[in-house]
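Worksheet for the structure shown next.
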Amino acid sequence: MNYSALPLTADERQALSKTSNALAWRAVVVNWGLIAGAFVLAAWVAHPLSFTAAVLILAGRSLGLAVLTHDAAHSTLFATRALNQWVGKWLLGALPNVPIDTYRKGHLSHHRHAGTTDDPDLRFVAGYPTTRVSLLRKFARDFSGRTGVLDLLGQIKGFTWRAQLPFLVMHVGLIAVLWASGNASLYGLWWLGQIFVLPALMRLRVMGEHGAIQDHFSKDARLNTRTTHANWMERLLFAPNHVHWHLEHHLLPAVPAYRLRAAHLLLCSRGYYGGYDCIATSYADVVRRCIGVSSETLSAYRMGTRGNHFGNMR
């Protein structure tokens with residue numbers, strides 16, 4: 001990406017890239033506050049509806065902590081690399097089991113190779129666009145727990161004491177807090193969210209970022225990445241912590257997530273997205289784009305060069 005080609009002045013770029021410890025800590029506190037609130041709700045109102053709400057919130061905040069770990073891995077959350085590393089390792093990546101060092105290596109490879117066949121994240125969007133029936137099958141696997149169990153088995157297989165120590169410490173601490181408050185059984189709500197809800201939330205997030213975009217093999221981020229406008233419910237569940245401004249993140253990876261909306265507005269005002277279909281109005285719009293083909297069209301699409309490449313990656 002030629003960053004100098006963006007219609008931004010040096011002063012604007014510098015202002016957008018400024019990190020703020022206050023904004024970073026606010027994000028950390030809000031995410032942990034929602035996690036605590038979910039457990040308090042379930043403890044206070046012992047009802048299936050409150051348990052369901054708690055599971056949804058916990059799954060959404062698992063994704064939220066992972067997104068903040070992503071920001072820390074870029075060293076754009078806090079003002080110093082040391083603080084990004086420590087908070088990302090112990091307060092953000094520990095609970096959802098996202099070791100920051102391992103994550104950083106894979107994710108930065110995604111940025112380096114976006115728009116090429118070497119992009120390691122292509123496998124997550126290989127199945128889009130797809131048919132309505134196929135997408136329903138994917139979500140059925142997610143909500144049935146099949147995807148979540150496979151993910152959990154993969155984490156167990158890749159377990160190492162060094163990488164997973166923060167995860168173990170954090171979960172022992174969570175169990176201790178719940179046990180001390182007389183609510184140890186509520187710990188299971190976390191895993192219900194991880195196994196039966198989080199995979200579907202992750203799927204929606206990935207669909208919004210790179211699913212059924214114009215050209216996976218263009219180096220122009222406006223063709224290989226998407227930004228999706230999100231309402232409060234979408235931001236609570238599957239677009240947390242500004243992650244839906246994904247095109248701006250690819251265009252300006254040094255900009256903290258809490259300034260990506262400002263970057264989006266500036267680029268829109270300069271007409272940078274004119275003529276490109278890279279902005280989705282909502283996640284419902286994303287889903288429509290990802291099922292915008294018939295089974296006959298999909299078969300023909302996969303017979304082509306890129307279809308064969310995608311088919312081999314499914």
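Starting from 1 in every chain, residues are counted up; chains themselves are A, B, ... following the order of the structure tokens, and ligands are numbered from 1 as listed.
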
Practice prompt. Tell me, as a VMD selection string, which residues lie within 9 Å of Gly145 (chain A), counting only C-alpha atoms; anything in the same chain fewer than 4 positions away does not count.
Written response: chain A and resid 140 to 141 149 to 150 192 194 to 197 199

Got time to write the residues from that selection, C-alpha atoms, as a PDB file, in the first residue's frame?
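Output below, filename again.pdb:
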```
ATOM      1  CA  ALA A 140     -25.853 -24.244  11.930  1.00  0.00           C
ATOM      2  CA  ARG A 141     -22.393 -25.712  12.521  1.00  0.00           C
ATOM      3  CA  VAL A 149     -15.606 -27.836  19.830  1.00  0.00           C
ATOM      4  CA  LEU A 150     -13.200 -28.108  16.901  1.00  0.00           C
ATOM      5  CA  LEU A 192     -21.292 -21.855  26.593  1.00  0.00           C
ATOM      6  CA  GLN A 194     -17.166 -19.775  23.601  1.00  0.00           C
ATOM      7  CA  ILE A 195     -18.533 -22.977  22.105  1.00  0.00           C
ATOM      8  CA  PHE A 196     -22.055 -22.102  20.932  1.00  0.00           C
ATOM      9  CA  VAL A 197     -22.008 -18.356  20.172  1.00  0.00           C
ATOM     10  CA  PRO A 199     -17.908 -18.934  16.300  1.00  0.00           C
TER      11      PRO A 199
END
```

Pick out the residues sitting within 9 Å of region 94-99 of chain A, and hand them over as a PDB file with C-alpha atoms, in the first residue's frame; count only C-alpha atoms, and ignore anything fewer than 6 positions along from it in its own chain.
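Dumped everything to part33.pdb:
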```pdb
ATOM      1  CA  ARG A  61     -16.698  -9.509  25.004  1.00  0.00           C
ATOM      2  CA  SER A  62     -14.473 -12.497  24.317  1.00  0.00           C
ATOM      3  CA  LEU A  63     -14.314 -11.144  20.789  1.00  0.00           C
ATOM      4  CA  LEU A  65     -10.870  -8.622  24.273  1.00  0.00           C
ATOM      5  CA  ALA A  66      -9.407 -10.388  21.240  1.00  0.00           C
ATOM      6  CA  THR A  69      -5.324  -7.753  21.792  1.00  0.00           C
ATOM      7  CA  GLY A  88      -2.256  -7.323  25.731  1.00  0.00           C
ATOM      8  CA  GLN A 155      -6.385 -24.913  21.240  1.00  0.00           C
ATOM      9  CA  ALA A 163       1.923 -19.362  25.717  1.00  0.00           C
ATOM     10  CA  GLN A 164      -1.103 -20.395  27.778  1.00  0.00           C
ATOM     11  CA  LEU A 165       0.128 -19.371  31.246  1.00  0.00           C
ATOM     12  CA  PRO A 166      -1.828 -16.067  31.181  1.00  0.00           C
ATOM     13  CA  PHE A 167      -4.950 -18.009  30.130  1.00  0.00           C
ATOM     14  CA  LEU A 168      -4.573 -20.431  33.042  1.00  0.00           C
ATOM     15  CA  VAL A 169      -3.904 -17.662  35.569  1.00  0.00           C
ATOM     16  CA  MET A 170      -6.857 -15.611  34.377  1.00  0.00           C
ATOM     17  CA  HIS A 171      -9.299 -18.522  34.438  1.00  0.00           C
ATOM     18  CA  LEU A 174     -12.195 -15.982  37.441  1.00  0.00           C
ATOM     19  CA  GLN A 194     -17.166 -19.775  23.601  1.00  0.00           C
TER      20      GLN A 194
END
```

Discussion item. For the helix (DSSP H, G or I) assignment from backbone DSSP, which residues of region 16-218 of chain A qualify? Please present them as a PyMOL selection string.
Written reply: chain A and resi 16+21-44+48-73+81-92+100-113+122-125+132-144+146-157+161-180+184-196+198-210

Region 146-245 of chain A near region 38-53 of chain A within 9 Å: what's each residue's closest atom pair and its distance in Å to one decimal, counting only C-alpha atoms, ordered by chain then ascending residue number, as JSON lines?
```
{"residue": "A:Leu178", "atom": "CA", "partner": "A:Phe39", "partner_atom": "CA", "distance": 8.6}
{"residue": "A:Asn183", "atom": "CA", "partner": "A:Ala43", "partner_atom": "CA", "distance": 6.8}
{"residue": "A:Leu186", "atom": "CA", "partner": "A:Phe39", "partner_atom": "CA", "distance": 7.1}
{"residue": "A:Tyr187", "atom": "CA", "partner": "A:Phe39", "partner_atom": "CA", "distance": 8.5}
{"residue": "A:Leu189", "atom": "CA", "partner": "A:Phe51", "partner_atom": "CA", "distance": 7.5}
```

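Residues in contact with region 243-259 of chain A at 8 Å, where only C-alpha atoms are counted and same-chain residues fewer than 6 positions away are skipped, are listed as Met1, Tyr3, Leu16, Ser17, Lys18, Thr19, Leu23, Val67, Asp71, His74, Thr76, Leu77, His111, Arg205, Gly208, Glu209, Ala221, Arg222, Thr225, Arg226, Thr227, Thr228, His229, Ala230 and Cys278 of chain A.
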
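If you measure from each of A:Thr102, A:Asn31, A:Thr131, A:Thr80 to Arg288 (chain A) using only C-alpha atoms, the closest one turns out to be A:Thr131.
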
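As for CA of Ala114 (chain A) and CA of Gly148 (chain A), they are spaced 26.6 Å apart.
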
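For the pair CA of Trp232 (chain A) and CA of Leu266 (chain A), the interatomic distance is 22.3 Å.
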
Fill in: Residue nearest Leu236 (chain A) among A:Thr147, A:Ala200, A:Leu34, A:Val55 (counting only C-alpha atoms)
A:Leu34

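Between CA of Gln85 (chain A) and CA of Asn21 (chain A) the separation is 13.5 Å.
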
Fill in: For Ala24 (chain A), the nearest of the candidates A:Leu58, A:Ser269, A:Leu8, A:Ala79, counting only C-alpha atoms
A:Ala79
